[in-house]
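Below: run05.txt (compact mmCIF, C-alpha atoms (C1' of nucleotides))
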# COMPACT_ATOMS: atom_id res chain seq x y z
CA MET M 223 -0.34 4.44 10.90
CA VAL M 224 -4.08 4.15 11.38
CA ASP M 225 -4.26 3.15 7.74
CA VAL M 226 -1.56 0.53 8.12
CA ILE M 227 -3.40 -1.03 11.05
CA VAL M 228 -6.77 -0.99 9.34
CA GLU M 229 -5.36 -2.48 6.17
CA ALA M 230 -3.55 -5.25 8.02
CA THR M 231 -6.75 -6.13 9.87
CA TRP M 232 -8.65 -6.01 6.61
CA LYS M 233 -6.32 -8.55 5.04
CA ILE M 234 -6.37 -10.84 8.05
CA LEU M 235 -10.17 -10.84 8.16
CA ALA M 236 -10.38 -11.54 4.45
CA GLU M 237 -7.56 -14.06 4.12
CA GLU M 238 -7.26 -15.73 7.50
CA GLY M 239 -10.71 -15.31 8.99
CA TYR M 240 -12.09 -13.75 12.11
CA ALA M 241 -10.46 -16.11 14.60
CA ALA M 242 -7.01 -15.16 13.34
CA ALA M 243 -7.57 -11.48 14.01
CA SER M 244 -5.91 -11.24 17.42
CA THR M 245 -4.24 -8.05 18.50
CA ASN M 246 -0.81 -9.66 18.28
CA ARG M 247 -1.43 -10.97 14.78
CA ILE M 248 -2.72 -7.58 13.67
CA ALA M 249 0.36 -5.85 15.04
CA GLU M 250 2.63 -8.43 13.43
CA ARG M 251 0.98 -8.11 10.03
CA ALA M 252 0.96 -4.31 10.31
CA GLY M 253 4.67 -4.35 11.04
CA THR M 254 4.21 -2.64 14.40
CA SER M 255 3.82 -3.57 18.01
CA VAL M 256 0.71 -4.15 20.07
CA GLY M 257 1.37 -0.98 21.99
CA SER M 258 1.01 1.17 18.90
CA LEU M 259 -2.37 -0.36 18.21
CA TYR M 260 -3.63 1.07 21.46
CA GLN M 261 -2.22 4.49 20.73
CA TYR M 262 -4.69 4.84 17.89
CA PHE M 263 -7.58 2.61 18.91
CA PRO M 264 -9.24 2.22 22.30
CA ASN M 265 -9.71 -1.53 21.91
CA LYS M 266 -9.82 -4.36 19.43
CA ASP M 267 -13.47 -3.98 18.54
CA ALA M 268 -12.76 -0.43 17.44
CA ILE M 269 -10.24 -1.72 14.91
CA VAL M 270 -12.67 -4.23 13.48
CA ALA M 271 -15.34 -1.54 13.48
CA ALA M 272 -13.03 0.73 11.50
CA VAL M 273 -12.52 -1.98 8.90
CA GLN M 274 -16.25 -2.49 8.72
CA ARG M 275 -16.85 1.23 8.39
CA ARG M 276 -14.35 1.47 5.57
CA HIS M 277 -15.83 -1.51 3.77
CA HIS M 278 -19.31 -0.09 4.16
CA ALA M 279 -18.09 3.21 2.81
CA ASP M 280 -16.81 1.38 -0.27
CA LEU M 281 -20.11 -0.39 -0.73
CA GLY M 282 -21.92 2.89 -0.27
CA ALA M 283 -19.72 4.58 -2.86
CA VAL M 284 -20.44 1.91 -5.46
CA MET M 285 -24.14 2.26 -4.86
CA ALA M 286 -24.06 6.06 -4.82
CA ALA M 287 -22.28 6.12 -8.17
CA ALA M 288 -24.92 3.83 -9.61
CA PHE M 289 -27.75 5.97 -8.24
CA SER M 290 -26.29 9.07 -9.78
CA GLU M 291 -25.91 7.33 -13.14
CA ALA M 292 -29.36 5.80 -12.95
CA ALA M 293 -31.07 9.13 -12.45
CA GLY M 294 -32.74 10.06 -15.70
CA MET M 295 -32.58 6.63 -17.26
CA PRO M 296 -35.80 4.85 -18.14
CA LEU M 297 -37.02 2.57 -15.36
CA GLU M 298 -35.77 -0.73 -16.67
CA GLN M 299 -32.35 0.55 -17.61
CA ALA M 300 -31.98 2.27 -14.27
CA THR M 301 -33.04 -0.85 -12.43
CA ARG M 302 -30.47 -2.89 -14.30
CA ARG M 303 -27.79 -0.37 -13.40
CA LEU M 304 -28.68 -0.62 -9.72
CA VAL M 305 -28.85 -4.40 -9.72
CA ARG M 306 -25.46 -4.51 -11.35
CA ALA M 307 -24.14 -2.14 -8.72
CA SER M 308 -25.27 -4.52 -6.01
CA LEU M 309 -23.40 -7.33 -7.70
CA GLU M 310 -20.32 -5.14 -8.08
CA ALA M 311 -20.49 -4.16 -4.43
CA HIS M 312 -20.52 -7.78 -3.34
CA LEU M 313 -17.61 -8.49 -5.65
CA LEU M 314 -15.43 -5.74 -4.14
CA ASP M 315 -14.11 -8.14 -1.53
CA PRO M 316 -16.29 -11.20 -1.08
CA ASP M 317 -14.02 -12.78 1.53
CA LEU M 318 -14.06 -9.77 3.80
CA HIS M 319 -17.76 -9.37 3.23
CA ARG M 320 -18.39 -12.96 4.27
CA THR M 321 -16.31 -12.68 7.43
CA LEU M 322 -17.94 -9.42 8.44
CA SER M 323 -21.47 -10.65 7.88
CA GLU M 324 -20.93 -14.11 9.37
CA ARG M 325 -18.80 -13.27 12.36
CA VAL M 326 -19.08 -9.62 13.34
CA ALA M 327 -22.24 -8.94 15.29
CA ASP M 328 -24.28 -5.87 14.60
CA SER M 329 -23.57 -4.66 18.12
CA VAL M 330 -19.85 -4.14 17.41
CA ASN M 331 -20.75 -1.19 15.26
CA PRO M 332 -24.19 -0.06 16.33
CA GLU M 333 -24.71 2.68 13.78
CA THR M 334 -22.75 1.62 10.75
CA ARG M 335 -24.70 -1.27 9.33
CA GLU M 336 -27.96 0.47 10.09
CA THR M 337 -26.64 3.65 8.47
CA LEU M 338 -25.64 1.87 5.29
CA LYS M 339 -28.94 0.04 5.06
CA THR M 340 -31.23 2.97 5.75
CA GLY M 341 -29.04 5.17 3.57
CA ILE M 342 -29.51 2.92 0.56
CA GLN M 343 -33.16 2.40 1.37
CA GLY M 344 -33.55 6.18 1.38
CA GLN M 345 -31.80 6.47 -1.96
CA ILE M 346 -34.06 3.82 -3.44
CA ARG M 347 -37.08 5.63 -2.11
CA HIS M 348 -35.87 8.89 -3.58
CA TRP M 349 -35.05 7.22 -6.88
CA LEU M 350 -38.54 5.70 -7.07
CA GLU M 351 -40.22 9.07 -6.70
CA ALA M 352 -39.12 10.06 -10.20
CA TYR M 353 -41.17 7.22 -11.67
CA ARG M 354 -44.12 7.60 -9.37
CA ASP M 355 -46.69 7.92 -12.17
CA ASP M 356 -45.59 4.70 -13.82
CA LEU M 357 -45.64 2.66 -10.62
CA THR M 358 -48.47 0.50 -9.43
CA VAL M 359 -46.83 0.23 -6.06
CA THR M 360 -48.41 2.73 -3.68
CA ASP M 361 -46.33 2.88 -0.52
CA LEU M 362 -42.84 3.89 -1.60
CA ASP M 363 -41.30 3.19 1.81
CA THR M 364 -42.45 -0.38 1.73
CA ALA M 365 -41.41 -0.69 -1.90
CA ALA M 366 -37.91 0.56 -1.08
CA PHE M 367 -37.64 -1.92 1.78
CA VAL M 368 -38.73 -4.82 -0.39
CA VAL M 369 -36.51 -3.92 -3.32
CA LEU M 370 -33.48 -3.42 -1.11
CA HIS M 371 -33.69 -6.74 0.66
CA MET M 372 -34.83 -8.65 -2.37
CA VAL M 373 -31.82 -7.55 -4.39
CA GLU M 374 -29.42 -7.79 -1.48
CA GLY M 375 -30.62 -11.28 -0.56
CA VAL M 376 -30.20 -12.67 -4.04
CA THR M 377 -26.92 -10.94 -4.88
CA HIS M 378 -25.39 -11.83 -1.52
CA ALA M 379 -26.20 -15.48 -2.03
CA ALA M 380 -25.13 -15.43 -5.66
CA ILE M 381 -21.68 -14.03 -4.93
CA LEU M 382 -20.92 -15.75 -1.64
CA ASP M 383 -22.22 -19.29 -2.33
CA GLN M 384 -20.56 -19.42 -5.70
CA GLU M 385 -20.80 -23.19 -5.90
CA GLN M 386 -24.26 -24.01 -7.13
CA THR M 387 -25.29 -20.62 -8.29
CA PRO M 388 -26.45 -19.43 -11.67
CA ASP M 389 -23.99 -17.14 -13.39
CA PRO M 390 -24.04 -13.43 -12.49
CA GLN M 391 -25.33 -12.34 -15.89
CA ARG M 392 -28.42 -14.47 -15.46
CA ILE M 393 -28.90 -13.17 -11.92
CA GLU M 394 -28.73 -9.64 -13.25
CA ASP M 395 -31.38 -10.36 -15.87
CA GLU M 396 -33.73 -12.14 -13.51
CA LEU M 397 -33.46 -9.53 -10.78
CA THR M 398 -33.94 -6.66 -13.17
CA ALA M 399 -37.08 -8.24 -14.60
CA THR M 400 -38.41 -9.07 -11.14
CA VAL M 401 -37.92 -5.61 -9.76
CA VAL M 402 -39.47 -3.93 -12.79
CA ARG M 403 -42.48 -6.22 -12.62
CA TYR M 404 -42.81 -5.64 -8.91
CA LEU M 405 -42.83 -1.89 -9.35
CA THR M 406 -45.02 -1.68 -12.44
CA GLY M 407 -47.82 -4.15 -11.89
CA MET G 54 -28.57 -35.44 28.87
CA VAL G 55 -27.66 -34.51 25.34
CA ASP G 56 -31.01 -32.75 25.20
CA VAL G 57 -30.35 -30.88 28.42
CA ILE G 58 -27.01 -29.64 27.12
CA VAL G 59 -28.37 -28.62 23.75
CA GLU G 60 -31.30 -26.81 25.29
CA ALA G 61 -29.12 -24.92 27.74
CA THR G 62 -26.84 -23.84 24.91
CA TRP G 63 -29.87 -22.87 22.88
CA LYS G 64 -31.11 -20.58 25.64
CA ILE G 65 -27.71 -19.02 26.22
CA LEU G 66 -27.23 -18.27 22.53
CA ALA G 67 -30.70 -16.76 22.29
CA GLU G 68 -30.78 -14.86 25.58
CA GLU G 69 -27.18 -14.05 26.41
CA GLY G 70 -25.48 -14.08 23.01
CA TYR G 71 -22.62 -15.97 21.48
CA ALA G 72 -19.88 -14.58 23.72
CA ALA G 73 -21.63 -15.93 26.82
CA ALA G 74 -21.65 -19.47 25.49
CA SER G 75 -18.52 -20.77 27.22
CA THR G 76 -18.26 -24.40 28.21
CA ASN G 77 -18.46 -23.50 31.89
CA ARG G 78 -21.57 -21.37 31.41
CA ILE G 79 -23.22 -24.10 29.36
CA ALA G 80 -22.53 -26.68 32.04
CA GLU G 81 -23.79 -24.34 34.74
CA ARG G 82 -27.01 -23.58 32.90
CA ALA G 83 -27.51 -27.24 32.05
CA GLY G 84 -27.13 -28.11 35.73
CA THR G 85 -24.15 -30.38 35.06
CA SER G 86 -20.42 -30.20 35.06
CA VAL G 87 -18.01 -29.46 32.26
CA GLY G 88 -16.83 -33.04 32.33
CA SER G 89 -20.24 -34.34 31.33
CA LEU G 90 -20.26 -32.03 28.32
CA TYR G 91 -17.26 -33.84 26.96
CA GLN G 92 -18.79 -37.23 27.54
CA TYR G 93 -21.39 -36.44 24.91
CA PHE G 94 -19.65 -33.95 22.63
CA PRO G 95 -16.11 -33.95 21.30
CA ASN G 96 -15.71 -30.18 21.66
CA LYS G 97 -17.56 -26.93 22.04
CA ASP G 98 -18.15 -26.35 18.36
CA ALA G 99 -19.98 -29.67 18.21
CA ILE G 100 -22.46 -28.41 20.82
CA VAL G 101 -23.12 -25.21 18.92
CA ALA G 102 -23.39 -27.25 15.74
CA ALA G 103 -26.00 -29.46 17.40
CA VAL G 104 -28.07 -26.43 18.35
CA GLN G 105 -27.78 -25.12 14.82
CA ARG G 106 -28.78 -28.49 13.41
CA ARG G 107 -31.82 -28.62 15.64
CA HIS G 108 -32.84 -25.09 14.76
CA HIS G 109 -32.42 -25.83 11.08
CA ALA G 110 -34.51 -28.94 11.50
CA ASP G 111 -37.27 -26.80 13.00
CA LEU G 112 -37.05 -24.34 10.13
CA GLY G 113 -37.09 -27.23 7.68
CA ALA G 114 -40.16 -28.72 9.33
CA VAL G 115 -42.10 -25.48 9.08
CA MET G 116 -41.23 -25.21 5.41
CA ALA G 117 -41.94 -28.86 4.68
CA ALA G 118 -45.39 -28.57 6.24
CA ALA G 119 -46.10 -25.55 4.09
CA PHE G 120 -44.92 -27.33 0.94
CA SER G 121 -47.18 -30.27 1.62
CA GLU G 122 -50.16 -27.96 2.19
CA ALA G 123 -49.33 -25.84 -0.82
CA ALA G 124 -49.34 -28.80 -3.18
CA GLY G 125 -52.55 -28.68 -5.18
CA MET G 126 -53.39 -25.08 -4.36
CA PRO G 127 -53.60 -22.56 -7.16
CA LEU G 128 -50.34 -20.73 -7.74
CA GLU G 129 -51.07 -17.54 -5.89
CA GLN G 130 -52.57 -19.24 -2.87
CA ALA G 131 -49.68 -21.68 -2.69
CA THR G 132 -47.16 -18.86 -2.97
CA ARG G 133 -48.83 -17.03 -0.13
CA ARG G 134 -48.70 -20.16 2.00
CA LEU G 135 -44.97 -20.54 1.38
CA VAL G 136 -44.22 -16.89 2.01
CA ARG G 137 -46.12 -17.10 5.26
CA ALA G 138 -44.12 -20.19 6.18
CA SER G 139 -40.90 -18.26 5.71
CA LEU G 140 -42.17 -15.59 8.06
CA GLU G 141 -43.27 -18.22 10.58
CA ALA G 142 -39.89 -19.89 10.37
CA HIS G 143 -38.09 -16.65 11.19
CA LEU G 144 -40.49 -16.07 14.07
CA LEU G 145 -39.77 -19.44 15.68
CA ASP G 146 -36.87 -17.97 17.62
CA PRO G 147 -35.60 -14.70 16.17
CA ASP G 148 -32.97 -14.21 18.87
CA LEU G 149 -31.35 -17.57 18.29
CA HIS G 150 -31.63 -17.08 14.56
CA ARG G 151 -29.86 -13.76 14.77
CA THR G 152 -27.02 -15.10 16.90
CA LEU G 153 -26.52 -18.10 14.66
CA SER G 154 -26.51 -16.10 11.46
CA GLU G 155 -24.42 -13.23 12.80
CA ARG G 156 -21.86 -15.11 14.85
CA VAL G 157 -21.60 -18.74 13.84
CA ALA G 158 -19.55 -19.17 10.70
CA ASP G 159 -20.64 -21.55 8.02
CA SER G 160 -17.53 -23.60 8.62
CA VAL G 161 -18.64 -24.69 12.10
CA ASN G 162 -21.24 -26.88 10.48
CA PRO G 163 -20.08 -27.51 6.94
CA GLU G 164 -23.06 -29.46 5.69
CA THR G 165 -26.01 -28.18 7.68
CA ARG G 166 -26.64 -24.73 6.34
CA GLU G 167 -25.93 -25.90 2.83
CA THR G 168 -28.26 -28.85 3.36
CA LEU G 169 -31.11 -26.68 4.56
CA LYS G 170 -30.67 -24.24 1.70
CA THR G 171 -30.35 -26.72 -1.10
CA GLY G 172 -33.13 -28.80 0.45
CA ILE G 173 -35.57 -25.93 0.32
CA GLN G 174 -34.34 -24.88 -3.09
CA GLY G 175 -35.03 -28.41 -4.27
CA GLN G 176 -38.52 -28.33 -2.80
CA ILE G 177 -39.22 -25.03 -4.52
CA ARG G 178 -38.00 -26.46 -7.79
CA HIS G 179 -40.19 -29.50 -7.38
CA TRP G 180 -43.15 -27.38 -6.37
CA LEU G 181 -42.70 -25.19 -9.46
CA GLU G 182 -42.87 -28.16 -11.80
CA ALA G 183 -46.57 -28.58 -11.13
CA TYR G 184 -47.25 -25.14 -12.58
CA ARG G 185 -44.81 -25.39 -15.44
CA ASP G 186 -47.37 -24.61 -18.14
CA ASP G 187 -48.43 -21.40 -16.46
CA LEU G 188 -44.90 -20.11 -15.92
CA THR G 189 -43.05 -17.74 -18.17
CA VAL G 190 -39.85 -18.53 -16.34
CA THR G 191 -37.89 -21.11 -18.27
CA ASP G 192 -35.02 -22.34 -16.12
CA LEU G 193 -36.60 -23.77 -12.99
CA ASP G 194 -33.29 -24.13 -11.17
CA THR G 195 -32.55 -20.46 -11.53
CA ALA G 196 -36.12 -19.60 -10.63
CA ALA G 197 -35.91 -21.67 -7.45
CA PHE G 198 -32.66 -19.96 -6.52
CA VAL G 199 -34.09 -16.51 -7.06
CA VAL G 200 -37.35 -17.19 -5.24
CA LEU G 201 -35.57 -18.73 -2.28
CA HIS G 202 -33.16 -15.88 -1.68
CA MET G 203 -35.64 -13.18 -2.54
CA VAL G 204 -38.11 -14.40 0.06
CA GLU G 205 -35.45 -15.27 2.60
CA GLY G 206 -33.76 -11.90 2.22
CA VAL G 207 -36.91 -9.90 2.76
CA THR G 208 -38.37 -12.03 5.55
CA HIS G 209 -35.06 -12.20 7.39
CA ALA G 210 -34.76 -8.43 7.36
CA ALA G 211 -38.41 -7.92 8.21
CA ILE G 212 -38.30 -10.09 11.31
CA LEU G 213 -34.83 -9.29 12.59
CA ASP G 214 -34.67 -5.52 12.04
CA GLN G 215 -38.08 -4.98 13.52
CA GLU G 216 -37.50 -1.29 14.04
CA GLN G 217 -38.23 0.45 10.79
CA THR G 218 -39.95 -2.37 9.01
CA PRO G 219 -43.38 -2.57 7.43
CA ASP G 220 -45.74 -4.88 9.29
CA PRO G 221 -45.57 -8.61 8.47
CA GLN G 222 -48.99 -8.68 6.82
CA ARG G 223 -47.86 -6.12 4.29
CA ILE G 224 -44.62 -8.02 3.71
CA GLU G 225 -46.64 -11.15 3.06
CA ASP G 226 -48.80 -9.37 0.49
CA GLU G 227 -45.92 -7.71 -1.30
CA LEU G 228 -43.80 -10.83 -1.45
CA THR G 229 -46.66 -12.98 -2.66
CA ALA G 230 -47.44 -10.55 -5.46
CA THR G 231 -43.78 -10.22 -6.40
CA VAL G 232 -43.14 -13.93 -6.59
CA VAL G 233 -46.29 -14.58 -8.62
CA ARG G 234 -45.40 -11.84 -11.05
CA TYR G 235 -41.86 -13.10 -11.31
CA LEU G 236 -43.03 -16.60 -12.16
CA THR G 237 -45.87 -15.70 -14.49
CA GLY G 238 -44.64 -12.94 -16.73
C1' DC S 37 -21.30 -56.93 51.59
C1' DT S 38 -17.81 -56.52 47.68
C1' DC S 39 -16.85 -55.91 42.94
C1' DT S 40 -17.51 -53.97 38.60
C1' DT S 41 -19.15 -50.88 35.44
C1' DG S 42 -20.94 -46.63 33.82
C1' DT S 43 -21.71 -41.97 34.77
C1' DG S 44 -20.98 -37.45 36.84
C1' DT S 45 -17.66 -34.12 38.91
C1' DG S 46 -14.88 -29.89 39.11
C1' DA S 47 -10.16 -28.43 40.20
C1' DC S 48 -6.69 -27.69 37.31
C1' DG S 49 -3.27 -27.49 33.24
C1' DA S 50 -1.95 -25.49 29.14
C1' DC S 51 -2.81 -21.98 26.51
C1' DT S 52 -4.60 -17.62 24.35
C1' DT S 53 -6.62 -13.34 24.77
C1' DG S 54 -6.83 -8.21 25.11
C1' DC S 55 -4.37 -4.78 27.03
C1' DT S 56 -0.67 -2.00 30.00
C1' DC S 57 3.39 0.31 31.16
C1' DA S 58 8.23 0.98 32.00
C1' DT S 59 11.54 1.54 28.74
C1' DA S 60 13.69 2.62 24.24
C1' DT S 61 13.70 5.19 20.16
C1' DT S 62 12.98 8.97 17.29
C1' DA S 63 12.15 13.87 15.82
C1' DG S 64 12.10 18.70 16.29
C1' DC S 65 14.14 22.81 17.99
C1' DG S 66 17.41 26.18 19.82
C1' DC A 104 25.20 19.05 20.28
C1' DG A 105 21.82 18.74 24.17
C1' DC A 106 17.03 18.80 25.75
C1' DT A 107 12.24 17.85 25.39
C1' DA A 108 8.10 15.94 23.63
C1' DA A 109 6.12 12.61 21.14
C1' DT A 110 5.86 8.12 19.60
C1' DA A 111 7.10 3.13 19.31
C1' DT A 112 8.16 -1.15 21.70
C1' DG A 113 7.21 -5.82 23.44
C1' DA A 114 7.69 -8.53 27.82
C1' DG A 115 4.37 -9.48 30.90
C1' DC A 116 -0.17 -9.38 33.43
C1' DA A 117 -4.78 -10.62 34.67
C1' DA A 118 -8.57 -12.84 32.96
C1' DG A 119 -10.64 -16.21 30.74
C1' DT A 120 -10.70 -20.06 27.40
C1' DC A 121 -11.26 -25.14 26.23
C1' DG A 122 -10.59 -29.48 27.50
C1' DT A 123 -8.55 -33.39 30.83
C1' DC A 124 -8.25 -36.58 34.38
C1' DA A 125 -8.05 -38.44 38.92
C1' DC A 126 -11.65 -39.19 41.66
C1' DA A 127 -16.54 -39.77 43.81
C1' DC A 128 -20.74 -41.84 43.29
C1' DA A 129 -24.53 -44.91 42.05
C1' DA A 130 -26.51 -49.26 40.64
C1' DG A 131 -26.74 -53.78 39.60
C1' DA A 132 -24.68 -58.59 39.96
C1' DG A 133 -22.93 -62.24 42.36
As structure tokens, what does this structure read like?
Amino acid sequence: MVDVIVEATWKILAEEGYAAASTNRIAERAGTSVGSLYQYFPNKDAIVAAVQRRHHADLGAVMAAAFSEAAGMPLEQATRRLVRASLEAHLLDPDLHRTLSERVADSVNPETRETLKTGIQGQIRHWLEAYRDDLTVTDLDTAAFVVLHMVEGVTHAAILDQEQTPDPQRIEDELTATVVRYLTG
Amino acid sequence: MVDVIVEATWKILAEEGYAAASTNRIAERAGTSVGSLYQYFPNKDAIVAAVQRRHHADLGAVMAAAFSEAAGMPLEQATRRLVRASLEAHLLDPDLHRTLSERVADSVNPETRETLKTGIQGQIRHWLEAYRDDLTVTDLDTAAFVVLHMVEGVTHAAILDQEQTPDPQRIEDELTATVVRYLTG
DNA sequence: CTCTTGTGTGACGACTTGCTCATATTAGCG
DNA sequence: CGCTAATATGAGCAAGTCGTCACACAAGAG
């Protein structure tokens, strides 16, 4: 039942937008009644937060898989793998991703977004340690921060503003080169 | 009067958040009545859109000033000037910026955000042309896209998630170096 | 002083929202 | 077949929304 509700909300957010996600519409699309919603969730924000948490878990899984594959690869190859993972993550459900990032304030889900971000930043930091001797970058924390937001910024824009954007393959190449050059002077 | 309304809305969005920006609250804070709001704006979204337009104009002005100063500088110095401008732009009013980017969907103001983005991307492209012979990057359109979102992504995160972020000076240094290395192989 | 015109007012209508709660339905067990 | 406990239901409530409109007011002209 929880799943049914979360999935219905997911679809509404992705297909109909944030404004359409009223409790009545969610119940309708879930094939239940409003009352049942409140048997499993304390309020509406909690439902949206659950969708966000699930989406973030998916994003996290894509990235985690990439990190585990990238371990052991040479720097450039590993970087490419991670950049591609970021593109894949944004392609999981671009419509939901847009609605969540454009309409759902951070405060709805205090920990989640922060958790995802610092989690990935930590993984980047950890990943960088293996190449420490080859890097010209000194402060790995700063480097992880810069790499994270550099890649996220470009991939986010590339996938979500698909109108006047270079094609993903080119983005992958450019980002990979940029990150490698940033890390190894 | 239009100014009074826009400024009141501005302050509410920045200080009290998007949810507080009801027509009644806007009128109250503007020291007018709801009726007057609708003498100058067709609906509430138009008021929010006006605030967004004004904020984007401010951002655009900061960037434009930097572009005009950067013209003629050597590449690295110019890059630093532009990176600093991006930081300055995000520091103009971080609270408003956060509310607008987290809560106000693109669709409220179809052209504006796109205009700002493509405007700056165009200026970057134009700026890059002066250094063409020194660049290893071939496609200037792609380069402008990458530089824009790389810098925006990192500066946005640096200013708005001020908790576990490196200090702005360091961000400026890292970004400047990264962009220069990206452009000149 | 009246008349007209432009502006400001705020109570109110029409509507939507999130959420509750008395009632109905189901499921499990002896 | 009861009987009980758990779950599902959806009409309806209070609160709040945006936007309107009949009216008050001010200012300038004649």
Dump as a ChimeraX atom specification the residues of chain A that approach chain M to within 10 Å, counting all atoms listed in the file.
/A:110-113
Take the residues from that selection and write them out as a compact mmCIF listing (two decimals), keeping the file's coordinate frame, keeping C-alpha atoms (C1' of nucleotides).
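The resulting file, part_19.txt, is reproduced below:
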# COMPACT_ATOMS: atom_id res chain seq x y z
C1' DT A 110 5.86 8.12 19.60
C1' DA A 111 7.10 3.13 19.31
C1' DT A 112 8.16 -1.15 21.70
C1' DG A 113 7.21 -5.82 23.44
Quote the spacing between C1' of DC121 in chain A and CA of Arg156 in chain G in Å to one decimal place.
18.5 Å
Please report as a VMD selection string which residues of chain S come no farther than 12 Å from chain M, using only C-alpha atoms (C1' of nucleotides).
chain S and resid 52 to 57
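Coordinates place C1' of DG115 in chain A at a distance of 17.6 Å from CA of Glu250 in chain M.
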Atom-to-atom span, CA of Thr229 in chain G and CA of Thr132 in chain G, Å
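Spanning CA of Thr229 in chain G to CA of Thr132 in chain G is a straight-line distance of 5.9 Å.
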Would you kindly report the residues of chain G within 8 Å of chain M, using all atoms listed in the file, as a PyMOL selection string?
chain G and resi 152+154-159+195+198-199+202-207+210+218-219+224+227-228+230-231+234-235
Using all atoms listed in the file, determine which residues lie at most 12 Å from DG66 in chain S, disregarding the query and same-chain residues fewer than 6 positions distant; provide the list as a ChimeraX atom specification.
/A:104-107
Best match for closeness to Asp98 in chain G among G:Ala83, G:Asp111, G:Glu129, G:Ser160, counting only C-alpha atoms:
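Of G:Ala83, G:Asp111, G:Glu129, G:Ser160, the one nearest Asp98 in chain G is G:Ser160, counting only C-alpha atoms.
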For Thr231 in chain M: contacts at 9 Å, only C-alpha atoms (C1' of nucleotides), fewer than 6 positions along chain excluded, given as a ChimeraX atom specification:
/M:243,247-249,251-252,269-270,273
Would you list the contacts of Ala300 in chain M as a list of chain:residue names, taking every protein, DNA or RNA residue within 12 Å and counting all atoms listed in the file, but skipping same-chain residues closer than 2 positions in sequence?
M:Ala288, M:Phe289, M:Ser290, M:Glu291, M:Ala292, M:Ala293, M:Gly294, M:Met295, M:Pro296, M:Leu297, M:Glu298, M:Arg302, M:Arg303, M:Leu304, M:Val305, M:Arg306, M:Ala307, M:Ile346, M:Trp349, M:Leu350, M:Ala352, M:Tyr353, M:Thr398, M:Ala399, M:Val401, M:Val402
Name the residues in contact with DA125 in chain A at a cut-off of 12 Å, using all atoms listed in the file, excluding same-chain residues fewer than 3 positions from it; report them as a PyMOL selection string.
chain S and resi 45-48
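The residue that comes closest to Asp192 in chain G, out of G:Ala99, G:Gln215, G:Arg178, G:Lys64 and on the basis of only C-alpha atoms, is G:Arg178.
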Dig up all the protein and nucleic acid residues within 12 Å of (-30.4, -33.1, 23.0) in the file frame, using only C-alpha atoms (C1' of nucleotides), and format them as a PyMOL selection string.
chain G and resi 54-63+83+90+93-94+99-108
Output of the above residues as a short mmCIF file (atom, residue, chain, number, x, y, z; two decimals), keeping the file's coordinate frame, restricted to C-alpha atoms:
data_model
loop_
_atom_site.label_atom_id
_atom_site.label_comp_id
_atom_site.auth_asym_id
_atom_site.auth_seq_id
_atom_site.Cartn_x
_atom_site.Cartn_y
_atom_site.Cartn_z
CA MET G 54 -28.57 -35.44 28.87
CA VAL G 55 -27.66 -34.51 25.34
CA ASP G 56 -31.01 -32.75 25.20
CA VAL G 57 -30.35 -30.88 28.42
CA ILE G 58 -27.01 -29.64 27.12
CA VAL G 59 -28.37 -28.62 23.75
CA GLU G 60 -31.30 -26.81 25.29
CA ALA G 61 -29.12 -24.92 27.74
CA THR G 62 -26.84 -23.84 24.91
CA TRP G 63 -29.87 -22.87 22.88
CA ALA G 83 -27.51 -27.24 32.05
CA LEU G 90 -20.26 -32.03 28.32
CA TYR G 93 -21.39 -36.44 24.91
CA PHE G 94 -19.65 -33.95 22.63
CA ALA G 99 -19.98 -29.67 18.21
CA ILE G 100 -22.46 -28.41 20.82
CA VAL G 101 -23.12 -25.21 18.92
CA ALA G 102 -23.39 -27.25 15.74
CA ALA G 103 -26.00 -29.46 17.40
CA VAL G 104 -28.07 -26.43 18.35
CA GLN G 105 -27.78 -25.12 14.82
CA ARG G 106 -28.78 -28.49 13.41
CA ARG G 107 -31.82 -28.62 15.64
CA HIS G 108 -32.84 -25.09 14.76
#
